[in-house]
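Text of final_38.tsv (TSV, C-alpha atoms) as supplied:
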```tsv
chain	number	residue	atom	x	y	z
B	1279	SER	CA	161.63	-295.99	13.08
B	1280	PHE	CA	163.12	-294.47	16.19
B	1281	ASP	CA	166.76	-295.00	16.83
B	1282	MET	CA	166.82	-293.06	20.06
B	1283	ARG	CA	167.48	-294.56	23.42
B	1284	PHE	CA	164.58	-294.41	25.85
B	1285	HIS	CA	165.05	-294.45	29.61
B	1286	PHE	CA	161.77	-296.15	30.36
B	1287	VAL	CA	162.94	-299.25	28.47
B	1288	GLY	CA	166.31	-299.23	30.17
B	1289	GLY	CA	168.20	-297.27	27.55
B	1290	LEU	CA	167.28	-299.57	24.68
B	1291	ASP	CA	165.04	-299.09	21.65
B	1292	VAL	CA	161.32	-299.17	22.15
B	1293	PRO	CA	159.90	-302.41	20.71
B	1294	ASP	CA	158.03	-302.04	17.41
B	1295	TRP	CA	154.85	-303.56	18.74
B	1296	LEU	CA	154.66	-300.88	21.41
B	1297	LEU	CA	155.01	-298.13	18.82
B	1298	SER	CA	152.05	-299.53	16.89
B	1299	GLU	CA	150.03	-299.95	20.07
B	1300	VAL	CA	150.60	-296.32	21.08
B	1301	LEU	CA	148.59	-295.32	18.01
B	1302	VAL	CA	145.72	-297.51	19.22
B	1303	LEU	CA	145.94	-296.10	22.74
B	1304	SER	CA	145.80	-292.55	21.41
B	1305	LYS	CA	142.39	-293.21	19.89
B	1306	ILE	CA	140.86	-294.37	23.18
B	1307	SER	CA	139.59	-291.62	25.51
B	1308	ALA	CA	141.97	-290.50	28.24
B	1309	VAL	CA	139.37	-291.28	30.93
B	1310	ARG	CA	139.12	-294.87	29.76
B	1311	ILE	CA	142.90	-295.13	29.62
B	1312	ARG	CA	143.09	-294.06	33.25
B	1313	ILE	CA	140.56	-296.73	34.35
B	1314	LEU	CA	142.26	-299.38	32.20
B	1315	ALA	CA	145.68	-298.52	33.60
B	1316	ALA	CA	144.33	-298.81	37.15
B	1317	GLN	CA	142.89	-302.24	36.39
B	1318	VAL	CA	146.10	-303.37	34.70
B	1319	LEU	CA	147.91	-302.28	37.86
B	1320	GLN	CA	145.53	-304.40	39.96
B	1321	GLN	CA	146.24	-307.38	37.76
B	1322	ALA	CA	150.00	-306.80	37.84
B	1323	SER	CA	149.83	-306.69	41.63
B	1324	GLY	CA	148.56	-310.23	41.60
B	1325	LYS	CA	144.84	-309.66	41.99
B	1326	GLN	CA	142.51	-311.46	39.64
B	1327	VAL	CA	140.81	-309.19	37.15
B	1328	PRO	CA	138.16	-310.87	34.99
B	1329	PRO	CA	138.80	-310.27	31.27
B	1330	GLU	CA	135.29	-308.87	30.81
B	1331	LYS	CA	136.27	-305.78	32.78
B	1332	PHE	CA	138.76	-304.84	30.09
B	1333	SER	CA	136.65	-305.76	27.08
B	1334	ASN	CA	133.57	-303.98	28.50
B	1335	LEU	CA	135.51	-300.75	28.83
B	1336	LEU	CA	136.81	-300.96	25.29
B	1337	GLY	CA	133.55	-301.85	23.62
B	1338	ASP	CA	132.63	-304.02	20.65
B	1339	ALA	CA	135.10	-302.45	18.24
B	1340	PHE	CA	137.88	-304.27	20.08
B	1341	LYS	CA	138.24	-307.97	19.37
B	1342	PRO	CA	139.68	-310.18	22.16
B	1343	ASP	CA	143.19	-310.01	20.65
B	1344	ASP	CA	142.99	-306.23	20.42
B	1345	VAL	CA	141.97	-306.04	24.08
B	1346	LEU	CA	144.96	-308.19	25.03
B	1347	ALA	CA	147.26	-305.92	23.02
B	1348	VAL	CA	146.05	-302.80	24.86
B	1349	VAL	CA	146.45	-304.50	28.23
B	1350	ALA	CA	149.92	-305.73	27.26
B	1351	ALA	CA	151.00	-302.24	26.19
B	1352	LEU	CA	149.83	-300.58	29.42
B	1353	ASN	CA	151.36	-303.39	31.46
B	1354	PHE	CA	154.67	-303.07	29.64
B	1355	ILE	CA	154.88	-299.29	30.03
B	1356	MET	CA	154.15	-299.30	33.76
B	1357	LEU	CA	156.23	-302.35	34.61
B	1358	SER	CA	159.15	-301.07	32.57
B	1359	ALA	CA	159.00	-297.65	34.18
B	1360	ALA	CA	158.99	-299.29	37.63
B	1361	ARG	CA	161.84	-301.68	36.79
B	1362	PHE	CA	164.12	-298.92	35.59
B	1363	ASP	CA	162.94	-296.52	38.30
B	1364	VAL	CA	162.08	-293.81	35.82
B	1365	GLN	CA	161.06	-290.40	37.14
B	1366	ASP	CA	157.61	-289.04	36.31
B	1367	GLU	CA	158.90	-286.14	34.19
B	1368	VAL	CA	161.09	-288.46	32.13
B	1369	LEU	CA	158.20	-290.88	31.53
B	1370	MET	CA	155.90	-287.97	30.60
B	1371	HIS	CA	158.44	-286.69	28.12
B	1372	GLU	CA	159.24	-290.06	26.56
B	1373	LEU	CA	155.66	-291.29	26.15
B	1374	GLN	CA	154.73	-288.04	24.43
B	1375	GLN	CA	157.73	-288.44	22.17
B	1376	LEU	CA	156.26	-291.75	21.06
B	1377	GLY	CA	153.12	-289.93	20.05
B	1378	LEU	CA	150.86	-290.48	23.04
B	1379	PRO	CA	148.70	-287.37	23.70
B	1380	ARG	CA	149.30	-285.35	26.83
B	1381	GLU	CA	146.14	-286.32	28.77
B	1382	HIS	CA	146.69	-290.02	28.10
B	1383	THR	CA	150.31	-289.79	29.16
B	1384	GLN	CA	149.34	-287.94	32.33
B	1385	ALA	CA	146.77	-290.61	33.19
B	1386	ILE	CA	149.27	-293.44	32.77
B	1387	VAL	CA	152.05	-291.63	34.62
B	1388	ASN	CA	149.75	-290.96	37.58
B	1389	VAL	CA	148.72	-294.60	37.87
B	1390	ALA	CA	152.32	-295.73	37.37
B	1391	ARG	CA	153.50	-293.45	40.15
B	1392	GLU	CA	150.97	-294.85	42.61
B	1393	GLY	CA	151.82	-298.41	41.73
B	1394	ARG	CA	155.58	-298.13	41.37
B	1395	ALA	CA	156.50	-299.64	44.74
B	1396	THR	CA	154.12	-302.59	44.30
B	1397	LEU	CA	155.35	-303.22	40.77
B	1398	GLN	CA	158.96	-303.19	41.93
B	1399	ILE	CA	158.26	-305.73	44.66
B	1400	ASN	CA	156.35	-307.84	42.16
B	1401	ALA	CA	159.15	-307.63	39.61
B	1402	ARG	CA	161.73	-308.71	42.17
B	1403	GLN	CA	159.63	-311.73	43.12
B	1404	ARG	CA	159.18	-312.76	39.51
B	1405	SER	CA	162.85	-312.39	38.67
B	1406	LEU	CA	164.46	-315.73	37.89
B	1407	GLN	CA	165.65	-317.41	41.05
B	1408	LEU	CA	166.95	-320.78	42.02
B	1409	PRO	CA	165.41	-322.48	45.08
B	1410	ARG	CA	166.21	-320.60	48.28
B	1411	LEU	CA	167.18	-321.91	51.68
B	1412	GLU	CA	164.41	-321.20	54.13
B	1413	SER	CA	165.26	-323.38	57.08
B	1414	LEU	CA	168.08	-325.54	58.31
B	1415	GLN	CA	168.05	-328.25	60.94
B	1416	TRP	CA	171.05	-330.21	61.98
B	1417	SER	CA	171.96	-332.94	64.41
B	1418	VAL	CA	175.11	-334.75	65.32
B	1419	CYS	CA	174.90	-338.53	65.62
B	1420	LYS	CA	177.49	-339.87	67.94
B	1421	ASP	CA	178.65	-343.37	67.23
B	1422	THR	CA	179.36	-345.02	70.55
B	1423	SER	CA	180.87	-348.15	69.00
B	1424	SER	CA	184.59	-348.60	68.59
B	1425	ALA	CA	184.44	-347.35	65.00
B	1426	ALA	CA	183.49	-343.87	66.26
B	1427	ALA	CA	181.87	-343.13	62.91
B	1428	HIS	CA	180.19	-339.92	63.93
B	1429	ALA	CA	177.89	-338.32	61.42
B	1430	VAL	CA	176.07	-335.09	60.87
B	1431	GLU	CA	172.51	-334.96	59.60
B	1432	LEU	CA	171.23	-331.89	57.80
B	1433	LYS	CA	167.73	-331.06	56.77
B	1434	LEU	CA	167.42	-328.13	54.37
B	1435	GLY	CA	164.05	-326.50	53.81
B	1436	LEU	CA	163.93	-325.07	50.29
B	1437	LYS	CA	161.41	-322.75	48.79
B	1438	THR	CA	161.07	-322.73	45.03
B	1439	GLN	CA	159.87	-319.70	43.18
B	1440	ALA	CA	156.20	-319.49	42.19
B	1441	GLN	CA	156.19	-320.31	38.50
B	1442	PRO	CA	154.52	-317.67	36.39
B	1443	THR	CA	153.30	-320.30	33.95
B	1444	SER	CA	151.57	-322.67	36.32
B	1445	SER	CA	149.03	-321.87	38.94
B	1446	THR	CA	150.81	-323.66	41.78
B	1447	SER	CA	152.78	-321.37	44.04
B	1448	GLY	CA	156.27	-322.39	45.03
B	1449	ASP	CA	155.91	-325.38	47.33
B	1450	PRO	CA	158.58	-325.78	49.95
B	1451	HIS	CA	160.34	-329.09	49.97
B	1452	GLU	CA	162.98	-330.66	52.15
B	1453	VAL	CA	166.36	-332.10	51.32
B	1454	SER	CA	167.81	-334.41	53.94
B	1455	MET	CA	171.36	-335.62	53.97
B	1456	ARG	CA	173.74	-337.42	56.21
B	1457	MET	CA	177.49	-337.14	56.05
B	1458	SER	CA	180.56	-338.40	57.82
B	1459	GLU	CA	182.61	-336.23	60.14
B	1460	GLU	CA	185.30	-335.76	57.46
B	1461	THR	CA	182.84	-334.73	54.77
B	1462	PHE	CA	181.17	-332.32	57.12
B	1463	THR	CA	184.52	-330.76	58.00
B	1464	LEU	CA	185.20	-330.21	54.29
B	1465	LEU	CA	181.76	-328.67	53.83
B	1466	HIS	CA	182.25	-326.41	56.79
B	1467	GLU	CA	185.62	-325.16	55.50
B	1468	ALA	CA	184.24	-324.56	52.01
B	1469	LEU	CA	181.33	-322.56	53.40
B	1470	LYS	CA	183.67	-320.49	55.53
B	1471	ASP	CA	185.72	-319.69	52.40
B	1472	ALA	CA	182.55	-318.68	50.61
B	1473	LYS	CA	181.55	-316.40	53.48
B	1474	GLU	CA	184.98	-314.78	53.43
B	1475	ALA	CA	184.77	-314.29	49.64
B	1476	MET	CA	181.36	-312.64	50.04
B	1477	ARG	CA	182.67	-310.29	52.69
B	1478	SER	CA	185.60	-309.23	50.52
B	1479	VAL	CA	183.22	-308.41	47.65
B	1480	ILE	CA	180.65	-306.50	49.64
Z	124	MET	CA	148.81	-335.61	5.92
Z	125	PHE	CA	146.76	-338.43	7.44
Z	126	ALA	CA	147.73	-339.41	10.94
Z	127	ALA	CA	149.30	-342.76	11.70
Z	128	ARG	CA	146.00	-343.80	13.23
Z	129	PHE	CA	144.36	-343.61	9.86
Z	130	GLN	CA	144.48	-347.21	8.71
Z	131	PRO	CA	143.58	-348.41	5.21
Z	132	SER	CA	140.01	-349.68	4.86
Z	133	PRO	CA	139.72	-353.03	6.62
Z	134	PRO	CA	138.25	-355.81	4.48
Z	135	ALA	CA	134.70	-356.88	5.20
Z	136	LEU	CA	133.83	-353.58	6.83
Z	137	SER	CA	130.17	-354.30	6.44
Z	138	ALA	CA	130.40	-357.65	8.17
Z	139	ASP	CA	132.32	-356.17	11.09
Z	140	LEU	CA	129.73	-353.51	11.54
Z	141	GLY	CA	127.12	-356.23	11.76
Z	142	LEU	CA	127.84	-356.29	15.47
Z	143	LEU	CA	126.39	-352.83	15.81
Z	144	THR	CA	123.03	-353.93	14.48
Z	145	LYS	CA	122.68	-356.29	17.43
Z	146	LEU	CA	123.14	-353.55	20.01
Z	147	SER	CA	120.51	-351.44	21.69
Z	148	PRO	CA	120.71	-347.65	21.16
Z	149	ASP	CA	122.32	-347.12	24.58
Z	150	GLN	CA	124.86	-349.80	23.89
Z	151	ILE	CA	125.69	-348.17	20.58
Z	152	SER	CA	126.41	-344.87	22.38
Z	153	GLU	CA	128.60	-346.69	24.87
Z	154	PHE	CA	130.37	-348.43	22.03
Z	155	CYS	CA	131.03	-345.10	20.35
Z	156	ASN	CA	132.38	-343.60	23.57
Z	157	ALA	CA	134.68	-346.58	24.00
Z	158	ALA	CA	135.87	-346.14	20.41
Z	159	LEU	CA	136.67	-342.48	21.07
Z	160	GLU	CA	138.59	-343.37	24.21
Z	161	LEU	CA	140.48	-346.00	22.26
Z	162	LEU	CA	141.43	-343.43	19.65
Z	163	GLN	CA	142.76	-341.06	22.26
Z	164	GLU	CA	144.75	-343.61	24.23
Z	165	GLU	CA	146.07	-346.24	21.91
Z	166	HIS	CA	147.77	-348.17	24.67
Z	167	LEU	CA	144.52	-348.70	26.52
Z	168	GLN	CA	143.97	-352.17	27.89
Z	169	GLN	CA	142.30	-353.48	24.81
Z	170	PRO	CA	142.10	-357.23	25.48
Z	171	LYS	CA	140.37	-356.82	28.86
Z	172	MET	CA	137.94	-354.26	27.55
Z	173	PHE	CA	137.02	-356.36	24.55
Z	174	ALA	CA	136.69	-359.55	26.61
Z	175	ARG	CA	134.33	-357.82	29.02
Z	176	ALA	CA	132.18	-356.44	26.22
Z	177	ALA	CA	132.16	-359.78	24.43
Z	178	ARG	CA	130.93	-361.54	27.57
Z	179	GLN	CA	128.18	-358.99	28.05
Z	180	LEU	CA	127.00	-359.26	24.46
Z	181	GLY	CA	127.43	-363.00	24.17
Z	182	VAL	CA	129.79	-362.87	21.19
Z	183	ASP	CA	133.39	-363.68	20.46
Z	184	THR	CA	136.15	-361.31	21.60
Z	185	ASN	CA	137.51	-360.81	18.12
Z	186	VAL	CA	134.05	-359.92	16.84
Z	187	VAL	CA	134.04	-357.05	19.34
Z	188	GLU	CA	137.58	-356.09	18.37
Z	189	ARG	CA	136.76	-356.02	14.66
Z	190	GLY	CA	133.60	-354.07	15.25
Z	191	MET	CA	135.52	-351.52	17.34
Z	192	ASN	CA	138.22	-351.15	14.71
Z	193	ALA	CA	135.60	-350.72	12.02
Z	194	LEU	CA	133.90	-348.00	14.00
Z	195	CYS	CA	137.21	-346.22	14.65
Z	196	HIS	CA	138.01	-346.43	10.98
Z	197	ILE	CA	134.71	-344.84	9.97
Z	198	LEU	CA	135.06	-342.04	12.49
Z	199	THR	CA	138.66	-341.13	11.65
Z	200	ARG	CA	138.10	-341.42	7.92
Z	201	ALA	CA	135.16	-339.05	8.06
Z	202	ALA	CA	137.09	-336.63	10.27
Z	203	ALA	CA	140.10	-336.69	7.95
Z	204	LEU	CA	137.86	-335.83	5.02
Z	205	ALA	CA	136.11	-333.19	7.14
Z	206	ALA	CA	132.82	-334.81	6.22
Z	207	PRO	CA	129.57	-333.53	7.73
Z	208	PRO	CA	127.66	-336.05	9.87
Z	209	GLU	CA	125.20	-336.85	7.08
Z	210	CYS	CA	128.02	-338.12	4.89
Z	211	LEU	CA	129.55	-340.30	7.57
Z	212	VAL	CA	129.45	-343.48	5.49
Z	213	ASP	CA	129.47	-341.96	2.02
Z	214	GLY	CA	131.88	-343.70	-0.27
Z	215	LEU	CA	131.95	-346.78	1.94
Z	216	ASP	CA	130.40	-350.05	0.87
Z	217	VAL	CA	128.39	-350.37	4.06
Z	218	THR	CA	124.77	-350.98	4.85
Z	219	LEU	CA	123.45	-350.03	8.23
Z	220	PRO	CA	119.93	-349.79	9.61
Z	221	ALA	CA	118.70	-346.21	9.80
Z	222	ASP	CA	118.60	-345.96	13.58
Z	223	VAL	CA	122.12	-347.35	13.99
Z	224	LEU	CA	123.41	-344.91	11.39
Z	225	CYS	CA	121.61	-342.10	13.15
Z	226	LYS	CA	123.28	-342.94	16.45
Z	227	LEU	CA	126.69	-343.10	14.82
Z	228	GLN	CA	126.16	-339.73	13.18
Z	229	GLU	CA	125.16	-338.28	16.54
Z	230	ALA	CA	128.31	-339.60	18.14
Z	231	TYR	CA	130.40	-338.29	15.25
Z	232	ALA	CA	128.85	-334.84	15.44
Z	233	GLY	CA	129.44	-334.71	19.19
Z	234	ALA	CA	133.06	-335.74	18.90
Z	235	ALA	CA	133.87	-333.72	15.75
Z	236	PRO	CA	136.31	-331.27	17.38
Z	237	LEU	CA	138.15	-334.06	19.19
Z	238	LEU	CA	138.40	-336.15	16.04
Z	239	GLY	CA	139.55	-333.15	14.06
Z	240	GLN	CA	142.39	-332.64	16.47
Z	241	LEU	CA	143.31	-336.33	16.49
Z	242	VAL	CA	143.65	-336.59	12.73
Z	243	SER	CA	145.51	-333.32	12.29
Z	244	ASP	CA	148.32	-333.73	14.83
Z	245	GLY	CA	150.68	-336.36	13.64
Z	246	LEU	CA	153.51	-336.08	16.12
Z	247	GLN	CA	153.22	-334.17	19.36
Z	248	LEU	CA	156.36	-332.30	20.19
Z	249	PRO	CA	156.94	-330.11	23.20
Z	250	MET	CA	156.09	-326.51	22.35
Z	251	PHE	CA	157.85	-323.42	23.57
Z	252	HIS	CA	155.82	-321.70	26.25
Z	253	SER	CA	158.03	-319.06	27.88
Z	254	LEU	CA	161.60	-318.21	28.73
Z	255	GLU	CA	162.85	-316.50	31.90
Z	256	TRP	CA	166.39	-315.22	32.01
Z	257	ARG	CA	168.83	-313.35	34.17
Z	258	LEU	CA	172.33	-312.06	33.70
Z	259	GLN	CA	174.59	-312.99	36.58
Z	260	VAL	CA	178.26	-312.60	37.44
Z	261	GLN	CA	180.33	-315.14	39.32
Z	262	LEU	CA	182.62	-313.32	41.72
Z	263	ALA	CA	184.19	-316.29	43.47
Z	264	GLY	CA	183.88	-320.03	43.68
Z	265	ARG	CA	185.46	-323.07	45.26
Z	266	TYR	CA	187.71	-323.68	42.26
Z	267	ALA	CA	187.40	-320.34	40.51
Z	268	PRO	CA	190.59	-318.34	40.04
Z	269	MET	CA	190.80	-315.23	42.17
Z	270	GLY	CA	189.88	-311.85	40.82
Z	271	GLU	CA	188.04	-313.14	37.77
Z	272	CYS	CA	184.48	-311.99	37.11
Z	273	ARG	CA	182.65	-314.31	34.77
Z	274	PRO	CA	179.28	-313.17	33.43
Z	275	SER	CA	176.78	-315.79	32.35
Z	276	PHE	CA	173.08	-316.14	31.64
Z	277	LEU	CA	170.74	-318.30	33.64
Z	278	LEU	CA	167.72	-319.42	31.63
Z	279	ARG	CA	164.55	-321.20	32.58
Z	280	LEU	CA	162.70	-322.60	29.59
Z	281	HIS	CA	159.08	-323.71	29.93
Z	282	THR	CA	157.62	-326.12	27.40
Z	283	ARG	CA	154.19	-327.60	27.01
Z	284	GLU	CA	153.16	-330.78	25.31
Z	285	GLY	CA	150.00	-332.56	24.42
Z	286	GLU	CA	146.48	-331.37	23.76
Z	287	SER	CA	145.63	-328.23	25.70
Z	288	GLY	CA	149.17	-328.11	27.04
Z	289	ALA	CA	148.68	-330.91	29.50
Z	290	LYS	CA	152.30	-331.80	30.13
Z	291	GLU	CA	154.55	-328.98	31.35
Z	292	GLN	CA	158.28	-329.19	31.59
Z	293	THR	CA	160.81	-326.81	33.01
Z	294	HIS	CA	164.43	-326.72	31.88
Z	295	LEU	CA	167.06	-324.82	33.80
Z	296	LEU	CA	170.02	-323.86	31.62
Z	297	GLN	CA	173.12	-321.77	31.76
Z	298	ALA	CA	174.78	-320.02	28.82
Z	299	ASP	CA	177.86	-317.87	28.59
Z	300	VAL	CA	177.59	-314.54	26.84
Z	301	SER	CA	179.18	-315.53	23.53
Z	302	ASN	CA	177.04	-318.66	23.22
Z	303	LEU	CA	173.87	-316.74	23.86
Z	304	ARG	CA	174.89	-314.12	21.35
Z	305	HIS	CA	175.42	-316.88	18.80
Z	306	LEU	CA	172.05	-318.40	19.67
Z	307	THR	CA	170.22	-315.11	19.20
Z	308	SER	CA	171.89	-314.43	15.85
Z	309	GLU	CA	170.92	-317.93	14.68
Z	310	LEU	CA	167.32	-317.42	15.79
Z	311	GLU	CA	167.20	-314.05	14.06
Z	312	ALA	CA	168.51	-315.67	10.88
Z	313	ALA	CA	165.78	-318.30	11.21
Z	314	LEU	CA	163.12	-315.61	11.49
Z	315	LEU	CA	164.53	-313.80	8.48
Z	316	GLU	CA	164.35	-317.03	6.51
Z	317	GLU	CA	160.57	-316.86	6.77
Z	318	LYS	CA	160.65	-313.70	4.67
Z	319	SER	CA	162.93	-315.10	2.01
Z	320	ALA	CA	161.74	-315.46	-1.59
Z	321	TYR	CA	162.06	-319.22	-1.45
Z	322	THR	CA	159.81	-319.57	1.60
Z	323	ARG	CA	157.33	-317.16	0.10
Z	324	ARG	CA	157.12	-319.23	-3.09
Z	325	ILE	CA	156.41	-322.38	-1.10
Z	326	SER	CA	153.76	-320.78	1.12
Z	327	ARG	CA	152.03	-319.38	-1.98
Z	328	ARG	CA	151.96	-322.87	-3.43
Z	329	LEU	CA	150.52	-324.36	-0.24
Z	330	ARG	CA	147.83	-321.73	0.05
Z	331	SER	CA	146.48	-322.18	-3.46
```

Render the structure in this file as structure tokens.
Amino acid sequence: SFDMRFHFVGGLDVPDWLLSEVLVLSKISAVRIRILAAQVLQQASGKQVPPEKFSNLLGDAFKPDDVLAVVAALNFIMLSAARFDVQDEVLMHELQQLGLPREHTQAIVNVAREGRATLQINARQRSLQLPRLESLQWSVCKDTSSAAAHAVELKLGLKTQAQPTSSTSGDPHEVSMRMSEETFTLLHEALKDAKEAMRSVI
Amino acid sequence: MFAARFQPSPPALSADLGLLTKLSPDQISEFCNAALELLQEEHLQQPKMFARAARQLGVDTNVVERGMNALCHILTRAAALAAPPECLVDGLDVTLPADVLCKLQEAYAGAAPLLGQLVSDGLQLPMFHSLEWRLQVQLAGRYAPMGECRPSFLLRLHTREGESGAKEQTHLLQADVSNLRHLTSELEAALLEEKSAYTRRISRRLRS
């Protein structure tokens, strides 16, 4: 098996399953590969592609699992090339080194080039993220009694990432909190320190 | 290999099934549906359901309960033995009128996949669904010492539980680099174990 480092997988080894799948891809006609790659790109961009579109193109010889394997291989190649920002010539060279014929490689590289920007945006969105702050509302509650227990109220609007596993997109939710003047002062100082630390890094 | 729901044969099975002979064909179908629901959700409100049915049929509550248990027993036993509908009551000392038996076989045939699943899964554990990860570096923190860059992995594990993955859970975890390295080497060792001679001997035994 190959022990060479490939750029389109980020300088690591190509996974074994991909090597086997390249053999399968080589036996499909280059024209079909081009259409399949375009449809895989549509799907990767978030549009719904009915599974029949793939299986119809591949014909009866391909069982449902085989169809999924072909789609997965094309998806992996294009997404990986986009993630690691691989140049066309490099991708051409490396796919052919894996044994993919020239016309097939050219078809995939062309589709990958067109879709690179979309795939990169998509990849960034899917990258693991913790909930993000989308909005912030605050108010100061003045205590007019003799205790003078002033308080600050914060309402944070958070957006969670759309989970790839479930169909629900990230629903925003709110976190409300109320704190005393002292606590707020501490929070404010800590946040200022954090801002300073960020500035010194960037 | 039988599920916990598979109870030993209740005594007087025939007598308990006597209830079924008093029901109309529609009522038998309803009875079968109720039995299937009962099998799926064991903590269903049994007393209320039985009391209601008993009132409607003009019999005692425990007659209904026994009849229901008998029916469940027949259905799960047949499913565990992977019996075809015609052999639903084979091997049981039970006499039923032909039309009642026919209705039961219909219900059994219709629910065969569900019953098959019920008797095969003993304990439902959460199953691995997917894992997202990212490598991150902490540059500064409220208590972190200055000038120290600590890499760590953030992981989001998705699990599914129950039939058709009904219950989904998400676990957010953090791991430092050495721990994750240890975890991966342990998992790789576990995968290798599947190819060991010992495991192969056992799987050959189970297959034959």

message: Using all atoms listed in the file, I'd like every residue of chain Z that has an atom within 9 Å of chain B; please write them out as a ChimeraX atom specification.
response: /Z:252-253,255-257,262-265,277-279,281,291

message: So that I can see what lies close to region 1431-1440 of chain B, please list as a list of chain:residue names the residues with an atom at most 8 Å from it, counting only C-alpha atoms and leaving out residues fewer than 4 positions away in the same chain.
response: B:Gln1403, B:Arg1404, B:Gln1407, B:Leu1408, B:Pro1409, B:Arg1410, B:Leu1411, B:Glu1412, B:Ser1413, B:Leu1414, B:Gln1415, B:Trp1416, B:Ser1417, B:Val1418, B:Cys1419, B:Thr1446, B:Ser1447, B:Gly1448, B:Asp1449, B:Pro1450, B:His1451, B:Glu1452, B:Val1453, B:Ser1454, B:Met1455, B:Arg1456, B:Met1457

With C-alpha atoms kept, could you save the residues just selected as a compact mmCIF listing (two decimals), in the frame of the given file?
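Final file, out12.txt:
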```
# COMPACT_ATOMS: atom_id res chain seq x y z
CA GLN B 1403 159.63 -311.73 43.12
CA ARG B 1404 159.18 -312.76 39.51
CA GLN B 1407 165.65 -317.41 41.05
CA LEU B 1408 166.95 -320.78 42.02
CA PRO B 1409 165.41 -322.48 45.08
CA ARG B 1410 166.21 -320.60 48.28
CA LEU B 1411 167.18 -321.91 51.68
CA GLU B 1412 164.41 -321.20 54.13
CA SER B 1413 165.26 -323.38 57.08
CA LEU B 1414 168.08 -325.54 58.31
CA GLN B 1415 168.05 -328.25 60.94
CA TRP B 1416 171.05 -330.21 61.98
CA SER B 1417 171.96 -332.94 64.41
CA VAL B 1418 175.11 -334.75 65.32
CA CYS B 1419 174.90 -338.53 65.62
CA THR B 1446 150.81 -323.66 41.78
CA SER B 1447 152.78 -321.37 44.04
CA GLY B 1448 156.27 -322.39 45.03
CA ASP B 1449 155.91 -325.38 47.33
CA PRO B 1450 158.58 -325.78 49.95
CA HIS B 1451 160.34 -329.09 49.97
CA GLU B 1452 162.98 -330.66 52.15
CA VAL B 1453 166.36 -332.10 51.32
CA SER B 1454 167.81 -334.41 53.94
CA MET B 1455 171.36 -335.62 53.97
CA ARG B 1456 173.74 -337.42 56.21
CA MET B 1457 177.49 -337.14 56.05
```

task: Mind listing whatever residues come within 9 Å of the point (146.3, -297.2, 37.2)? Use all atoms listed in the file, file coordinates, and give them as a list of chain:residue names.
output: B:Ile1311, B:Arg1312, B:Ile1313, B:Leu1314, B:Ala1315, B:Ala1316, B:Gln1317, B:Val1318, B:Leu1319, B:Gln1320, B:Met1356, B:Ala1385, B:Ile1386, B:Val1387, B:Asn1388, B:Val1389, B:Ala1390, B:Arg1391, B:Glu1392, B:Gly1393

Write the residues of the preceding selection, restricted to C-alpha atoms, as a compact mmCIF listing (two decimals), in the frame of the given file.
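Below is the file that was written, part-v8.txt:
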```txt
# COMPACT_ATOMS: atom_id res chain seq x y z
CA ILE B 1311 142.90 -295.13 29.62
CA ARG B 1312 143.09 -294.06 33.25
CA ILE B 1313 140.56 -296.73 34.35
CA LEU B 1314 142.26 -299.38 32.20
CA ALA B 1315 145.68 -298.52 33.60
CA ALA B 1316 144.33 -298.81 37.15
CA GLN B 1317 142.89 -302.24 36.39
CA VAL B 1318 146.10 -303.37 34.70
CA LEU B 1319 147.91 -302.28 37.86
CA GLN B 1320 145.53 -304.40 39.96
CA MET B 1356 154.15 -299.30 33.76
CA ALA B 1385 146.77 -290.61 33.19
CA ILE B 1386 149.27 -293.44 32.77
CA VAL B 1387 152.05 -291.63 34.62
CA ASN B 1388 149.75 -290.96 37.58
CA VAL B 1389 148.72 -294.60 37.87
CA ALA B 1390 152.32 -295.73 37.37
CA ARG B 1391 153.50 -293.45 40.15
CA GLU B 1392 150.97 -294.85 42.61
CA GLY B 1393 151.82 -298.41 41.73
```

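Atom pair CA of Gln1321 (chain B) / CA of Gln1398 (chain B) has a distance of 14.0 Å (rounded to one decimal).
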
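Taking CA of Asp149 (chain Z) as the reference point, CA of Ala176 (chain Z) is found at 13.7 Å.
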
Can you pull out the residues contacting Thr282 (chain Z)? Cut-off 7 Å, using only C-alpha atoms, and skip same-chain residues under 2 positions away; I want them as a short mmCIF file (atom, residue, chain, number, x, y, z; two decimals) with C-alpha atoms, in the frame of the given file.
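Writing the result to around_31.cif gives the following:
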```cif
data_model
loop_
_atom_site.label_atom_id
_atom_site.label_comp_id
_atom_site.auth_asym_id
_atom_site.auth_seq_id
_atom_site.Cartn_x
_atom_site.Cartn_y
_atom_site.Cartn_z
CA PRO Z 249 156.94 -330.11 23.20
CA MET Z 250 156.09 -326.51 22.35
CA PHE Z 251 157.85 -323.42 23.57
CA HIS Z 252 155.82 -321.70 26.25
CA LEU Z 280 162.70 -322.60 29.59
CA GLU Z 284 153.16 -330.78 25.31
CA GLU Z 291 154.55 -328.98 31.35
CA GLN Z 292 158.28 -329.19 31.59
CA THR Z 293 160.81 -326.81 33.01
#
```

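Atom pair CA of Val186 (chain Z) / CA of Glu209 (chain Z) has a distance of 26.6 Å (rounded to one decimal).
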
Excluding region 1285-1292 of chain B and residues on its chain fewer than 3 positions from it, collect all residues at most 6 Å away from it, counting only C-alpha atoms, and give them as a PDB file with C-alpha atoms, keeping the file's coordinate frame.
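Output (selection_5.pdb):
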```pdb
ATOM      1  CA  SER B1358     159.150-301.070  32.570  1.00  0.00           C
ATOM      2  CA  ALA B1359     159.000-297.650  34.180  1.00  0.00           C
ATOM      3  CA  PHE B1362     164.120-298.920  35.590  1.00  0.00           C
ATOM      4  CA  VAL B1364     162.080-293.810  35.820  1.00  0.00           C
TER       5      VAL B1364
END
```
